[in-house]
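What's in final-v8.csv: CSV, C-alpha atoms
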```csv
chain,number,residue,atom,x,y,z
X,1,MET,CA,0.0,0.0,0.0
X,2,ILE,CA,2.0,3.0,1.2
X,3,ARG,CA,5.7,2.6,1.3
X,4,VAL,CA,8.6,5.1,1.4
X,5,ASP,CA,11.3,3.1,-0.3
X,6,ASP,CA,13.5,3.1,-3.4
X,7,ASN,CA,10.4,3.0,-5.7
X,8,PHE,CA,9.0,6.0,-3.9
X,9,MET,CA,12.3,7.9,-4.4
X,10,MET,CA,12.2,7.1,-8.2
X,11,GLU,CA,8.5,8.2,-8.4
X,12,VAL,CA,9.3,11.6,-6.8
X,13,GLY,CA,12.4,12.2,-8.9
X,14,LEU,CA,15.0,11.5,-6.2
X,15,GLY,CA,16.2,8.1,-7.4
X,16,ASP,CA,19.7,9.5,-8.1
X,17,MET,CA,20.2,10.8,-4.6
X,18,PRO,CA,23.4,9.4,-2.9
X,19,GLU,CA,22.7,6.4,-0.8
X,20,ALA,CA,23.4,7.9,2.6
X,21,GLU,CA,21.3,11.0,1.8
X,22,ALA,CA,18.5,8.8,0.4
X,23,ARG,CA,18.3,6.7,3.6
X,24,ALA,CA,18.1,9.8,5.7
X,25,PHE,CA,15.5,11.3,3.5
X,26,ILE,CA,13.5,8.1,3.5
X,27,ASP,CA,13.6,8.0,7.3
X,28,HIS,CA,12.4,11.6,7.5
X,29,ALA,CA,9.7,11.1,4.9
X,30,GLU,CA,8.3,8.1,6.7
X,31,GLU,CA,8.1,10.1,9.9
X,32,GLU,CA,6.5,13.1,8.2
X,33,LEU,CA,4.0,10.9,6.3
X,34,GLU,CA,3.0,9.1,9.6
X,35,VAL,CA,2.4,12.5,11.2
X,36,ARG,CA,0.3,13.8,8.3
X,37,VAL,CA,-1.8,10.6,8.0
X,38,GLY,CA,-2.3,10.7,11.8
X,39,GLN,CA,-3.4,14.3,11.7
X,40,LYS,CA,-5.8,13.7,8.8
X,41,LEU,CA,-7.3,10.6,10.3
X,42,SER,CA,-7.8,12.1,13.7
X,43,GLU,CA,-9.7,15.2,12.4
X,44,ASN,CA,-13.1,13.5,12.9
X,45,LEU,CA,-12.4,11.4,16.0
X,46,SER,CA,-13.5,12.4,19.4
X,47,ASP,CA,-11.0,12.7,22.3
X,48,ALA,CA,-12.4,9.4,23.7
X,49,GLU,CA,-11.8,7.7,20.3
X,50,LEU,CA,-8.3,9.0,20.1
X,51,ILE,CA,-7.6,7.6,23.6
X,52,GLU,CA,-9.1,4.3,22.7
X,53,PHE,CA,-7.0,4.1,19.5
X,54,THR,CA,-3.7,4.9,21.4
X,55,GLN,CA,-4.4,1.9,23.6
X,56,ILE,CA,-4.4,-0.6,20.7
X,57,GLU,CA,-1.0,-2.4,20.5
X,58,ASP,CA,-1.6,-4.8,17.6
X,59,ALA,CA,-1.1,-3.3,14.1
X,60,MET,CA,-3.8,-5.4,12.5
X,61,GLU,CA,-6.2,-4.5,15.3
X,62,ALA,CA,-5.4,-0.8,14.9
X,63,ARG,CA,-6.0,-1.0,11.1
X,64,ASN,CA,-9.4,-2.8,11.7
X,65,TRP,CA,-10.3,-0.2,14.3
X,66,LEU,CA,-9.5,2.7,11.9
X,67,GLU,CA,-11.5,1.0,9.0
X,68,ASN,CA,-14.5,0.7,11.3
X,69,LYS,CA,-14.3,4.2,12.7
X,70,ILE,CA,-13.3,6.3,9.7
X,71,PRO,CA,-15.4,6.0,6.5
X,72,GLY,CA,-13.1,5.8,3.5
X,73,PHE,CA,-10.1,5.2,5.7
X,74,GLN,CA,-7.9,3.7,2.8
X,75,GLU,CA,-8.9,6.5,0.4
X,76,VAL,CA,-8.0,9.1,3.0
X,77,VAL,CA,-4.6,7.6,3.5
X,78,LEU,CA,-3.9,7.3,-0.2
X,79,LYS,CA,-4.9,10.9,-0.8
X,80,VAL,CA,-2.4,12.1,1.9
X,81,PHE,CA,0.2,9.9,0.3
X,82,ARG,CA,-0.4,11.2,-3.2
X,83,ASP,CA,-0.4,14.8,-1.9
X,84,PHE,CA,2.9,14.2,-0.1
X,85,LYS,CA,4.5,12.8,-3.3
X,86,ASP,CA,3.2,15.8,-5.3
X,87,GLU,CA,4.7,18.1,-2.7
X,88,ILE,CA,8.1,16.4,-2.9
X,89,ARG,CA,8.1,16.5,-6.7
X,90,ALA,CA,7.4,20.2,-6.5
X,91,GLN,CA,10.3,20.7,-4.1
X,92,ARG,CA,12.7,18.3,-5.9
X,93,SER,CA,15.2,20.9,-7.0
X,94,GLN,CA,15.4,22.4,-3.5
X,95,ILE,CA,15.8,18.9,-1.9
X,96,LEU,CA,18.6,18.0,-4.3
X,97,ALA,CA,20.4,21.4,-3.9
```
Serialized structure, structure tokens:
Amino acid sequence: MIRVDDNFMMEVGLGDMPEAEARAFIDHAEEELEVRVGQKLSENLSDAELIEFTQIEDAMEARNWLENKIPGFQEVVLKVFRDFKDEIRAQRSQILA
């Protein structure tokens, strides 16, 4: 589904980035994407639901919970991912500078 990896780097035009820089960028991009997805998904959750979600420890259980609580969960995540890739493409020259 959503992966920040070598394919992602190629898609956004950063495939020729030196290996060490690419790994650091991938790590940063994963963190940023996680924050953005979390912010978007939490927009329509109550405080009680957010607390309930943070207490889930199993990844599959968390995904099921999100799918049940957030209509169009997967579409929301994919949109955040597409927007993030578009933003990186637009900033490609600054990133590589």
Using only C-alpha atoms, find the one residue out of X:Val80, X:Thr54, X:Glu67, X:Glu61 that sits nearest to X:Glu32. X:Val80
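Take the candidates X:Glu30, X:Glu43, X:Asp6, X:Glu19 and check each one against X:Val76 using all atoms listed in the file; the shortest distance goes to X:Glu43.
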With all atoms listed in the file as the counted atoms, please give the residues lying no more than 10 Å from stretch 45-48 of chain X, apart from itself and same-chain residues fewer than 4 positions off, as a compact mmCIF listing (two decimals) with C-alpha atoms, in the coordinates of the input.
```
# COMPACT_ATOMS: atom_id res chain seq x y z
CA LEU X 41 -7.30 10.60 10.30
CA GLU X 52 -9.10 4.30 22.70
CA PHE X 53 -7.00 4.10 19.50
CA LYS X 69 -14.30 4.20 12.70
CA ILE X 70 -13.30 6.30 9.70
```
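Our summary of the geometry notes that atom CA of X:Arg36 is positioned 24.7 Å from atom CA of X:Ala97.
The closest residue to X:Pro71, picked from X:Asp83, X:Phe25, X:Arg3, X:Asn44 and counting all atoms listed in the file, is X:Asn44.
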Taken to one decimal, the atom CA of X:Ile88-atom CA of X:Ile26 distance is 11.8 Å
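Pairwise distance (atom CA of X:Arg23, atom CA of X:Gln91) equals 17.9 Å.
Closest approach to X:Lys85 from the set X:Glu34, X:Asp5, X:Glu21, X:Glu11 is made by X:Glu11, with distances taken over all atoms listed in the file.
Nearest residue to X:Asn68 among X:Leu33, X:Met10, X:Glu49, X:Asp16 is X:Glu49, counting only C-alpha atoms.
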Pick out the closest residue to X:Leu66 from this set: X:Asp86, X:Ser42, X:Ser93, X:Ile51. Count only C-alpha atoms. X:Ser42
Once all heavy atoms are restored for stretch 48-59 of chain X, what would the output be as a compact mmCIF listing (two decimals), in the coordinates of the input?
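Okay, this is what ended up in selection22.txt:
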```
# COMPACT_ATOMS: atom_id res chain seq x y z
N ALA X 48 -12.25 10.75 23.16
CA ALA X 48 -12.40 9.40 23.70
C ALA X 48 -11.93 8.36 22.66
O ALA X 48 -11.26 7.37 23.01
CB ALA X 48 -13.84 9.12 24.10
N GLU X 49 -12.26 8.59 21.40
CA GLU X 49 -11.80 7.70 20.30
C GLU X 49 -10.32 7.69 20.16
O GLU X 49 -9.69 6.65 19.95
CB GLU X 49 -12.53 7.98 19.03
CG GLU X 49 -14.00 7.63 19.02
CD GLU X 49 -14.73 8.13 17.80
OE1 GLU X 49 -14.44 9.26 17.34
OE2 GLU X 49 -15.60 7.40 17.32
N LEU X 50 -9.74 8.88 20.25
CA LEU X 50 -8.30 9.00 20.10
C LEU X 50 -7.59 8.22 21.27
O LEU X 50 -6.60 7.52 21.03
CB LEU X 50 -7.85 10.45 20.14
CG LEU X 50 -8.17 11.24 18.88
CD1 LEU X 50 -7.88 12.71 19.09
CD2 LEU X 50 -7.40 10.69 17.70
N ILE X 51 -8.12 8.35 22.47
CA ILE X 51 -7.60 7.60 23.60
C ILE X 51 -7.71 6.11 23.39
O ILE X 51 -6.77 5.34 23.60
CB ILE X 51 -8.22 8.07 24.92
CG1 ILE X 51 -7.80 9.50 25.24
CG2 ILE X 51 -7.87 7.11 26.06
CD1 ILE X 51 -8.58 10.15 26.37
N GLU X 52 -8.89 5.71 22.93
CA GLU X 52 -9.10 4.30 22.70
C GLU X 52 -8.13 3.77 21.62
O GLU X 52 -7.55 2.70 21.79
CB GLU X 52 -10.56 4.12 22.13
CG GLU X 52 -10.94 2.69 21.83
CD GLU X 52 -12.36 2.57 21.29
OE1 GLU X 52 -13.17 3.51 21.44
OE2 GLU X 52 -12.66 1.51 20.71
N PHE X 53 -7.90 4.54 20.57
CA PHE X 53 -7.00 4.10 19.50
C PHE X 53 -5.55 3.99 20.04
O PHE X 53 -4.85 3.03 19.70
CB PHE X 53 -7.03 5.09 18.33
CG PHE X 53 -6.05 4.73 17.26
CD1 PHE X 53 -6.28 3.63 16.45
CD2 PHE X 53 -4.90 5.47 17.06
CE1 PHE X 53 -5.37 3.26 15.45
CE2 PHE X 53 -4.00 5.12 16.08
CZ PHE X 53 -4.23 4.02 15.27
N THR X 54 -5.13 4.93 20.86
CA THR X 54 -3.70 4.90 21.40
C THR X 54 -3.49 3.69 22.26
O THR X 54 -2.33 3.32 22.48
CB THR X 54 -3.36 6.18 22.11
OG1 THR X 54 -4.22 6.34 23.24
CG2 THR X 54 -3.44 7.39 21.19
N GLN X 55 -4.52 3.08 22.75
CA GLN X 55 -4.40 1.90 23.60
C GLN X 55 -4.27 0.60 22.85
O GLN X 55 -4.01 -0.44 23.44
CB GLN X 55 -5.50 1.87 24.63
CG GLN X 55 -5.46 3.06 25.58
CD GLN X 55 -6.67 3.13 26.49
OE1 GLN X 55 -7.67 2.49 26.27
NE2 GLN X 55 -6.55 3.96 27.52
N ILE X 56 -4.46 0.65 21.54
CA ILE X 56 -4.40 -0.60 20.70
C ILE X 56 -2.90 -0.83 20.43
O ILE X 56 -2.19 0.04 19.93
CB ILE X 56 -5.16 -0.38 19.41
CG1 ILE X 56 -6.62 -0.12 19.70
CG2 ILE X 56 -4.98 -1.62 18.52
CD1 ILE X 56 -7.44 0.27 18.49
N GLU X 57 -2.45 -2.03 20.72
CA GLU X 57 -1.00 -2.40 20.50
C GLU X 57 -0.77 -3.19 19.27
O GLU X 57 0.32 -3.15 18.73
CB GLU X 57 -0.52 -3.13 21.76
CG GLU X 57 -0.51 -2.26 23.00
CD GLU X 57 0.05 -2.96 24.21
OE1 GLU X 57 0.71 -4.00 24.05
OE2 GLU X 57 -0.19 -2.47 25.31
N ASP X 58 -1.75 -3.91 18.80
CA ASP X 58 -1.60 -4.80 17.60
C ASP X 58 -1.87 -3.98 16.35
O ASP X 58 -2.91 -3.32 16.23
CB ASP X 58 -2.55 -5.97 17.73
CG ASP X 58 -2.47 -6.88 16.53
OD1 ASP X 58 -1.45 -7.58 16.41
OD2 ASP X 58 -3.40 -6.86 15.71
N ALA X 59 -0.95 -4.03 15.38
CA ALA X 59 -1.10 -3.30 14.10
C ALA X 59 -2.33 -3.64 13.35
O ALA X 59 -3.03 -2.77 12.81
CB ALA X 59 0.16 -3.44 13.28
```
